[in-house]
>>> print(open('work.txt').read())   # compact mmCIF, C-alpha atoms and all ligand atoms
# COMPACT_ATOMS: atom_id res chain seq x y z
CA MET A 48 24.95 34.92 36.33
CA ALA A 49 23.06 31.92 37.66
CA LEU A 50 19.30 32.12 37.37
CA LYS A 51 17.53 32.52 40.73
CA VAL A 52 14.26 30.60 40.93
CA VAL A 53 11.52 30.87 43.56
CA CYS A 54 8.87 28.16 43.52
CA LEU A 55 5.66 28.40 45.58
CA VAL A 56 4.20 25.03 46.54
CA GLY A 57 1.90 23.03 48.77
CA GLY A 58 2.55 19.32 49.30
CA VAL A 59 2.75 16.41 46.89
CA GLY A 60 2.06 18.05 43.49
CA GLY A 61 4.19 21.11 44.16
CA ALA A 62 6.95 19.05 45.74
CA LYS A 63 7.33 17.09 42.51
CA LEU A 64 8.11 20.21 40.49
CA ALA A 65 10.37 21.51 43.28
CA HIS A 66 12.22 18.21 43.10
CA GLY A 67 12.59 18.58 39.34
CA LEU A 68 14.06 22.04 39.85
CA ALA A 69 16.33 20.77 42.63
CA GLN A 70 17.69 18.15 40.24
CA ILE A 71 18.71 20.68 37.57
CA LEU A 72 19.68 23.78 39.59
CA GLU A 73 22.79 24.40 41.65
CA PRO A 74 22.58 25.10 45.39
CA GLY A 75 21.82 28.79 45.87
CA GLN A 76 19.66 28.98 42.75
CA LEU A 77 16.45 27.50 44.17
CA THR A 78 14.19 28.70 46.98
CA VAL A 79 10.97 26.80 47.65
CA ILE A 80 8.32 28.75 49.59
CA VAL A 81 5.88 26.35 51.20
CA ASN A 82 2.29 26.62 52.43
CA THR A 83 1.94 26.34 56.20
CA GLY A 84 -1.85 26.73 56.38
CA ASP A 85 -2.13 22.94 56.82
CA ASP A 86 0.09 22.96 59.93
CA PHE A 87 -1.43 21.80 63.19
CA TRP A 88 -0.72 20.53 66.68
CA HIS A 89 -1.12 16.79 67.14
CA TYR A 90 -0.37 15.12 70.49
CA GLY A 91 1.67 18.18 71.42
CA LEU A 92 3.79 18.08 68.28
CA ARG A 93 3.93 20.74 65.58
CA VAL A 94 3.18 18.96 62.31
CA CYS A 95 3.81 20.89 59.08
CA THR A 96 2.56 18.51 56.42
CA ASP A 97 3.56 20.46 53.33
CA LEU A 98 7.01 21.39 54.66
CA ASP A 99 7.55 17.74 55.56
CA THR A 100 6.49 16.54 52.11
CA VAL A 101 8.85 19.00 50.40
CA MET A 102 11.72 18.09 52.74
CA TYR A 103 11.21 14.36 52.31
CA THR A 104 10.84 14.71 48.53
CA LEU A 105 13.97 16.82 48.08
CA SER A 106 16.03 14.57 50.35
CA GLY A 107 14.88 11.38 48.59
CA LEU A 108 13.16 10.04 51.73
CA ALA A 109 9.57 10.34 50.48
CA ASN A 110 7.32 7.36 50.10
CA PRO A 111 6.84 7.07 46.31
CA ALA A 112 3.52 5.24 46.74
CA THR A 113 1.84 8.15 48.52
CA GLY A 114 4.07 11.15 47.79
CA TRP A 115 3.99 12.01 51.50
CA GLY A 116 5.56 10.37 54.54
CA ILE A 117 8.85 8.45 54.65
CA GLU A 118 9.43 5.33 52.58
CA GLY A 119 9.49 2.19 54.74
CA ASP A 120 8.25 4.02 57.84
CA THR A 121 6.58 1.95 60.55
CA ASP A 122 3.49 2.48 62.67
CA GLY A 123 4.59 1.46 66.16
CA VAL A 124 3.44 4.72 67.73
CA LEU A 125 0.06 4.48 65.98
CA GLN A 126 -0.34 0.94 67.29
CA GLY A 127 0.57 2.13 70.78
CA LEU A 128 -1.98 4.93 70.57
CA ARG A 129 -4.67 2.46 69.48
CA ARG A 130 -3.97 0.33 72.55
CA TYR A 131 -4.99 3.34 74.58
CA GLY A 132 -8.21 3.50 72.56
CA GLU A 133 -7.19 6.55 70.56
CA ASP A 134 -8.86 7.26 67.23
CA THR A 135 -5.76 7.40 65.03
CA TRP A 136 -7.29 9.17 62.04
CA PHE A 137 -4.06 11.01 61.27
CA GLY A 138 -1.25 8.74 60.09
CA ILE A 139 1.76 9.92 62.03
CA HIS A 140 4.51 7.33 61.55
CA ASP A 141 7.58 6.54 63.59
CA ARG A 142 10.47 8.10 61.65
CA ASP A 143 8.28 11.01 60.63
CA ILE A 144 7.74 11.70 64.34
CA ALA A 145 11.46 12.44 64.66
CA THR A 146 10.90 15.47 62.42
CA HIS A 147 8.00 16.68 64.54
CA LEU A 148 9.94 16.18 67.77
CA LEU A 149 12.91 18.23 66.58
CA ARG A 150 10.69 20.92 65.07
CA THR A 151 8.60 21.21 68.23
CA GLN A 152 11.72 21.38 70.37
CA GLY A 153 13.17 24.11 68.16
CA LEU A 154 9.98 26.17 68.30
CA ARG A 155 9.71 25.72 72.08
CA GLU A 156 13.27 27.04 72.38
CA GLY A 157 12.01 30.22 70.71
CA ARG A 158 13.46 29.70 67.25
CA ARG A 159 11.47 30.77 64.21
CA LEU A 160 9.93 28.13 61.93
CA THR A 161 12.23 29.42 59.16
CA GLU A 162 15.30 28.73 61.34
CA VAL A 163 14.05 25.36 62.49
CA THR A 164 13.30 24.36 58.89
CA ARG A 165 16.78 25.47 57.76
CA ASP A 166 18.30 23.30 60.49
CA LEU A 167 16.19 20.25 59.55
CA THR A 168 16.84 20.60 55.81
CA THR A 169 20.57 21.04 56.31
CA ARG A 170 20.68 17.94 58.50
CA LEU A 171 18.79 15.99 55.81
CA GLY A 172 21.46 17.03 53.31
CA ILE A 173 19.18 19.27 51.22
CA ALA A 174 21.34 21.80 49.38
CA HIS A 175 18.45 24.07 48.34
CA THR A 176 16.49 26.54 50.46
CA ILE A 177 13.07 25.58 51.79
CA LEU A 178 11.13 28.37 53.52
CA PRO A 179 7.77 28.36 55.29
CA MET A 180 5.49 31.06 53.84
CA THR A 181 5.61 32.81 57.23
CA ASP A 182 6.86 32.18 60.76
CA ALA A 183 3.47 32.95 62.30
CA PRO A 184 0.96 30.15 62.90
CA VAL A 185 -1.74 30.28 60.23
CA ALA A 186 -4.54 27.72 60.04
CA THR A 187 -6.70 27.07 57.00
CA MET A 188 -10.27 26.62 58.23
CA VAL A 189 -12.78 24.94 55.93
CA ASP A 190 -16.44 25.87 56.28
CA THR A 191 -18.49 22.91 55.06
CA VAL A 192 -22.15 22.29 54.35
CA GLU A 193 -22.21 19.02 56.31
CA TYR A 194 -20.10 19.71 59.41
CA GLY A 195 -19.74 23.48 59.70
CA GLU A 196 -16.21 24.82 60.07
CA LEU A 197 -13.47 22.17 60.19
CA GLU A 198 -9.76 22.45 60.80
CA PHE A 199 -7.90 21.67 57.59
CA GLN A 200 -6.62 18.22 58.57
CA GLU A 201 -10.07 17.18 59.78
CA TYR A 202 -11.50 18.17 56.41
CA PHE A 203 -8.66 16.63 54.39
CA VAL A 204 -7.70 13.49 56.29
CA LYS A 205 -10.47 12.65 58.77
CA TYR A 206 -13.34 13.35 56.34
CA ARG A 207 -11.22 12.59 53.21
CA TRP A 208 -12.22 15.93 51.59
CA GLU A 209 -15.76 14.58 51.09
CA PRO A 210 -17.64 17.51 52.71
CA THR A 211 -18.87 20.28 50.42
CA VAL A 212 -16.81 23.44 50.90
CA LYS A 213 -18.62 26.76 51.32
CA VAL A 214 -15.72 29.06 52.13
CA LEU A 215 -12.10 28.98 53.28
CA ARG A 216 -10.77 31.15 56.10
CA LEU A 217 -7.17 31.68 57.18
CA GLN A 218 -7.03 31.94 60.94
CA GLY A 219 -4.09 34.05 62.11
CA ILE A 220 -3.26 35.50 58.68
CA ASP A 221 -3.64 39.14 59.78
CA ALA A 222 -0.89 38.68 62.36
CA ALA A 223 1.38 36.87 59.88
CA ALA A 224 4.30 38.64 58.27
CA LEU A 225 6.54 38.00 55.33
CA SER A 226 9.87 36.75 56.67
CA ALA A 227 13.07 38.56 55.76
CA GLU A 228 14.25 35.35 54.07
CA ALA A 229 11.15 35.00 51.88
CA ALA A 230 11.17 38.71 51.04
CA ALA A 231 14.84 38.53 49.98
CA ALA A 232 14.26 35.42 47.87
CA ILE A 233 11.34 37.04 46.04
CA ALA A 234 13.20 40.33 45.57
CA GLY A 235 16.12 38.47 44.01
CA ALA A 236 14.12 36.04 41.86
CA ASP A 237 14.64 35.92 38.10
CA VAL A 238 11.78 33.44 37.71
CA ILE A 239 8.81 32.80 40.00
CA LEU A 240 7.00 29.50 39.58
CA PHE A 241 3.71 28.32 41.06
CA GLY A 242 3.89 24.56 41.42
CA PRO A 243 1.02 22.36 40.23
CA SER A 244 -0.44 22.70 43.69
CA ASN A 245 -4.00 23.17 44.80
CA PRO A 246 -4.59 26.90 44.08
CA TRP A 247 -7.16 27.32 46.87
CA LEU A 248 -5.73 25.12 49.60
CA SER A 249 -2.00 25.46 48.95
CA ILE A 250 -1.22 28.65 47.01
CA MET A 251 -3.95 30.99 48.28
CA PRO A 252 -2.61 30.83 51.88
CA ILE A 253 0.88 31.76 50.61
CA LEU A 254 -0.47 34.68 48.56
CA SER A 255 -2.45 35.86 51.60
CA VAL A 256 0.60 36.43 53.81
CA PRO A 257 0.56 40.22 54.18
CA GLY A 258 3.10 41.74 51.79
CA LEU A 259 3.82 38.56 49.85
CA HIS A 260 1.43 39.11 46.95
CA ASP A 261 2.68 42.68 46.47
CA ALA A 262 6.30 41.56 46.62
CA LEU A 263 5.59 38.98 43.92
CA VAL A 264 3.77 41.23 41.49
CA ALA A 265 6.44 43.90 41.95
CA ARG A 266 8.93 41.54 40.28
CA PRO A 267 9.12 42.26 36.52
CA VAL A 268 10.04 38.68 35.77
CA PRO A 269 8.24 35.58 34.50
CA ARG A 270 5.69 34.47 37.10
CA VAL A 271 4.45 31.17 35.80
CA ALA A 272 1.95 28.62 37.14
CA VAL A 273 2.04 24.96 36.15
CA THR A 274 -1.44 23.48 35.99
CA PRO A 275 -2.63 21.03 38.66
CA ILE A 276 -5.69 20.35 36.47
CA ILE A 277 -5.50 18.05 33.45
CA GLN A 278 -8.63 17.61 31.31
CA GLY A 279 -10.77 19.11 34.05
CA ALA A 280 -9.56 16.72 36.73
CA ALA A 281 -6.98 16.86 39.51
CA VAL A 282 -4.16 14.33 39.32
CA LYS A 283 -4.93 13.71 42.99
CA GLY A 284 -6.82 15.47 45.75
CA PRO A 285 -9.74 17.88 45.83
CA ALA A 286 -8.65 20.67 43.44
CA SER A 287 -11.26 19.93 40.79
CA LYS A 288 -14.07 19.16 43.26
CA LEU A 289 -13.23 22.34 45.16
CA MET A 290 -13.18 24.53 42.06
CA ALA A 291 -16.75 23.49 41.27
CA GLU A 292 -17.85 24.07 44.88
CA LEU A 293 -16.31 27.54 44.83
CA GLY A 294 -18.04 28.46 41.57
CA TYR A 295 -15.31 27.88 38.99
CA LYS A 296 -15.54 25.82 35.83
CA GLN A 297 -13.59 22.57 36.19
CA ALA A 298 -10.94 23.50 33.65
CA ALA A 299 -7.28 24.48 33.50
CA LEU A 300 -8.20 28.00 32.36
CA SER A 301 -10.01 28.56 35.66
CA ILE A 302 -6.56 28.47 37.26
CA VAL A 303 -5.50 31.41 35.06
CA GLN A 304 -8.71 33.20 36.05
CA TYR A 305 -8.10 32.52 39.74
CA TYR A 306 -4.48 33.72 39.71
CA GLN A 307 -5.47 36.79 37.68
CA ARG A 308 -2.67 39.35 37.61
CA VAL A 309 -0.34 37.43 39.90
CA ILE A 310 0.89 35.27 37.02
CA ASN A 311 1.97 36.32 33.56
CA GLY A 312 2.55 32.82 32.24
CA PHE A 313 0.77 29.48 32.42
CA VAL A 314 1.82 25.94 31.55
CA TYR A 315 -1.20 23.79 30.73
CA ASP A 316 -1.15 20.11 29.92
CA LEU A 317 -0.90 18.95 26.31
CA ARG A 318 -3.82 16.60 26.97
CA ASP A 319 -6.03 19.72 27.03
CA GLY A 320 -5.30 20.43 23.35
CA ALA A 321 -4.39 24.02 22.52
CA LEU A 322 -5.41 26.70 25.02
CA SER A 323 -4.88 30.43 24.70
CA SER A 324 -5.26 33.55 26.75
CA GLU A 325 -5.11 37.26 25.96
CA THR A 326 -3.53 38.15 29.26
CA VAL A 327 -0.79 35.61 29.91
CA HIS A 328 1.84 33.68 27.98
CA MET A 329 0.67 30.10 27.55
CA VAL A 330 2.27 26.86 26.51
CA GLY A 331 1.24 23.22 26.55
CA MET A 332 3.58 20.58 27.98
CA ASP A 333 3.34 17.06 29.33
CA THR A 334 2.93 18.07 32.98
CA LEU A 335 2.27 14.60 34.39
CA MET A 336 5.26 13.70 36.56
CA GLN A 337 5.34 9.93 37.04
CA SER A 338 9.06 9.50 37.65
CA ASP A 339 11.93 11.50 39.10
CA GLY A 340 13.14 11.94 35.52
CA ASP A 341 9.77 13.42 34.45
CA ARG A 342 10.13 16.02 37.17
CA ALA A 343 13.54 17.18 35.93
CA VAL A 344 12.38 17.18 32.29
CA LEU A 345 9.34 19.34 33.10
CA ALA A 346 11.42 21.71 35.24
CA ARG A 347 13.97 22.11 32.42
CA ARG A 348 11.25 22.70 29.80
CA VAL A 349 9.51 25.31 31.95
CA LEU A 350 12.75 27.20 32.58
CA ASP A 351 13.81 27.00 28.92
CA TRP A 352 10.41 28.35 27.94
CA VAL A 353 10.43 31.33 30.31
CA ILE A 354 13.97 32.40 29.49
CA SER A 355 13.02 32.46 25.81
CA TRP A 356 10.36 35.12 26.49
CA ASP A 357 10.49 38.61 25.20
CA PRO A 358 12.22 40.74 27.88
CA SER A 359 8.97 42.61 28.58
CA PRO A 360 6.46 39.80 28.92
CA ALA A 361 2.73 40.44 28.98
CA GLY A 362 1.44 41.48 32.35
CA THR A 363 4.80 42.41 33.92
P1 LIG A 401 -1.14 18.55 48.67
O1 LIG A 401 -0.93 19.61 49.71
O2 LIG A 401 -0.44 17.26 48.98
O3 LIG A 401 -2.54 18.38 48.19
O4 LIG A 401 -0.30 19.06 47.43
P2 LIG A 401 -0.34 20.26 46.41
O5 LIG A 401 -1.37 21.29 46.70
O6 LIG A 401 1.05 20.72 46.14
O7 LIG A 401 -0.75 19.45 45.12
C1 LIG A 401 -2.00 18.95 44.85
C2 LIG A 401 -2.24 19.15 43.38
O8 LIG A 401 -1.14 18.61 42.64
C3 LIG A 401 -3.45 18.43 42.89
O9 LIG A 401 -4.38 19.38 42.44
C4 LIG A 401 -2.96 17.56 41.74
O10 LIG A 401 -3.81 17.61 40.62
C5 LIG A 401 -1.62 18.16 41.40
N1 LIG A 401 -0.66 17.19 40.89
C6 LIG A 401 -0.16 16.13 41.54
N2 LIG A 401 0.72 15.46 40.76
C7 LIG A 401 0.77 16.13 39.57
C8 LIG A 401 1.48 15.94 38.34
O11 LIG A 401 2.28 15.02 38.18
N3 LIG A 401 1.26 16.86 37.35
C9 LIG A 401 0.38 17.89 37.49
N4 LIG A 401 0.23 18.73 36.45
N5 LIG A 401 -0.30 18.10 38.64
C10 LIG A 401 -0.11 17.24 39.65
>>> encode(input="work.txt", output="structure tokens", more="lines below")
Ligand code: GDP
Amino acid sequence: MALKVVCLVGGVGGAKLAHGLAQILEPGQLTVIVNTGDDFWHYGLRVCTDLDTVMYTLSGLANPATGWGIEGDTDGVLQGLRRYGEDTWFGIHDRDIATHLLRTQGLREGRRLTEVTRDLTTRLGIAHTILPMTDAPVATMVDTVEYGELEFQEYFVKYRWEPTVKVLRLQGIDAAALSAEAAAAIAGADVILFGPSNPWLSIMPILSVPGLHDALVARPVPRVAVTPIIQGAAVKGPASKLMAELGYKQAALSIVQYYQRVINGFVYDLRDGALSSETVHMVGMDTLMQSDGDRAVLARRVLDWVISWDPSPAGT
């Protein structure tokens, strides 16, 4: 029986592991559940940055220089907006806008984000399943020392994650529900992976969807996080800065502490030496994914490791 894998991710870091899994698994084996707390309305368009990054990465369209956006995309619309005197702090490029147009049209026709995403991914030729964490609009709000509460994209893009974070709030989360598709994927998963995504900004919103956390921990299977922190630092983005601001030590083991009983396994980076934990299975690997090949190698090693576990792993 083919192994069924569910991978929870945010944008660039998580998308790399999802891409590794997509390279080694057959269609039907992989479901990627994606954070939608970063989604927002921009010039009347529904922009889902993490879903877009995962879609572009798995379809081979992604810009390798940034990890997000479409390779070779142009900025005609941005130039046009600037002629009107607009402050174009958010880089929305021409071909990327096609995604937002079709998504917005689909949502305005009353289709769920899950359905619209399935349509877009199919049309991009992606054989694997990409699901938003929920169909309801949820917005990550970032309360900062310098500017008060900011919408996520203001914090992340406009202010380049420089403000000091006090607390995160998920607007709309109480009204969000676990979709039938995500529930079925989790219920059928043989392995659940947490991509090397930002635990606070990318994974916490997913775990906060009512019912999702309980559905995950109900699965007596390997639930394994891959570290986004190597030698105390993030490969990119604010994960390490944020962990200090939220009171955690800037170290890979803080990720284990943060995920607590949700995970029963953790892949740390070999550059951290040998780490151990009394509560979860741990292994060191080279987790730095610099090429498409690295992604597939890491995905294969993680899966080989978890299927070698004792059938009743710690914490399940
Ligand atoms: P975002 O929404 O684009 O910020 O993407 P994610 O939340 O999915 O990923 C951000 C995290 O990915 C950061 O904390 C990075 O440290 C981590 N990351 C990015 N590339 C790599 C990599 O190659 N290896 C590892 N281990 N982590 C990575």
>>> residues_near_ligand(input="work.txt", ligand="ligand LIG 401 (chain A)", cutoff="8 Å", atoms="only C-alpha atoms and all ligand atoms", output="ChimeraX atom specification")
/A:56-63,85,96-97,100,114-115,242-246,248-250,273-277,280-287,315-316,333-337,342
>>> closest_residue(input="work.txt", among="A:Asp351, A:Asp166, A:Glu292, A:Asp134", to="Val212 of chain A", atoms="all atoms listed in the file")
A:Glu292
>>> axis_aligned_box(input="work.txt", around="segment 335-342 of chain A", padding_each_side="8 Å", output="lines of an AutoDock Vina configuration file")
center_x = 7.7
center_y = 12.8
center_z = 36.7
size_x = 26.9
size_y = 22.5
size_z = 20.7
>>> atom_distance(input="work.txt", atom1="atom CA of Asp122 of chain A", atom2="atom CA of Ala145 of chain A")
12.9 Å
>>> residues_around(input="work.txt", residues="Leu128 of chain A", least_positions_apart="2", cutoff="12 Å", atoms="all atoms listed in the file", output="list in words")
Tyr90, Asp122, Gly123, Val124, Leu125, Gln126, Arg130, Tyr131, Gly132, Glu133, Asp134, Thr135, Trp136, Phe137, Gly138, Ile139, His140 and Asp141 of chain A
>>> residues_near_point(input="work.txt", point="(-10.2, 21.4, 55.1)", cutoff="7 Å", atoms="only C-alpha atoms", output="list of chain:residue names")
A:Thr187, A:Met188, A:Val189, A:Leu197, A:Glu198, A:Phe199, A:Gln200, A:Glu201, A:Tyr202, A:Phe203, A:Trp208
>>> residues_around(input="work.txt", residues="Gln307 of chain A", least_positions_apart="5", cutoff="10 Å", atoms="all atoms listed in the file", output="list in words")
Ser301, Ile302, Thr326, Val327 and Gly362 of chain A
>>> closest_residue(input="work.txt", among="A:Ala230, A:Ile144, A:Ile239, A:Leu92", to="Ile117 of chain A", atoms="all atoms listed in the file")
A:Ile144
>>> closest_residue(input="work.txt", among="A:Ala343, A:Ala232, A:Val94, A:Ala262", to="Ile177 of chain A", atoms="all atoms listed in the file")
A:Ala232
>>> residues_near_point(input="work.txt", point="(4.8, 31.9, 44.8)", cutoff="12 Å", atoms="all atoms listed in the file", output="ChimeraX atom specification")
/A:52-57,61,65,78-82,178-180,229-230,232-234,236,238-244,246,249-256,259-264,266,269-273,306,309-310
>>> residues_around(input="work.txt", residues="Pro74 of chain A", least_positions_apart="4", cutoff="12 Å", atoms="only C-alpha atoms", output="MDAnalysis selection string")
chainID A and resid 49:52 68:70 78:79 169 172:177
>>> atom_distance(input="work.txt", atom1="atom CA of Ala112 of chain A", atom2="atom CA of Gly331 of chain A")
27.1 Å
>>> residues_around(input="work.txt", residues="Gly91 of chain A", least_positions_apart="6", cutoff="12 Å", atoms="all atoms listed in the file", output="PDB file with C-alpha atoms, in the coordinates of the input")
ATOM      1  CA  ILE A 144       7.740  11.700  64.340  1.00  0.00           C
ATOM      2  CA  HIS A 147       8.000  16.680  64.540  1.00  0.00           C
ATOM      3  CA  LEU A 148       9.940  16.180  67.770  1.00  0.00           C
ATOM      4  CA  ARG A 150      10.690  20.920  65.070  1.00  0.00           C
ATOM      5  CA  THR A 151       8.600  21.210  68.230  1.00  0.00           C
ATOM      6  CA  GLN A 152      11.720  21.380  70.370  1.00  0.00           C
ATOM      7  CA  LEU A 154       9.980  26.170  68.300  1.00  0.00           C
ATOM      8  CA  ARG A 155       9.710  25.720  72.080  1.00  0.00           C
TER       9      ARG A 155
END
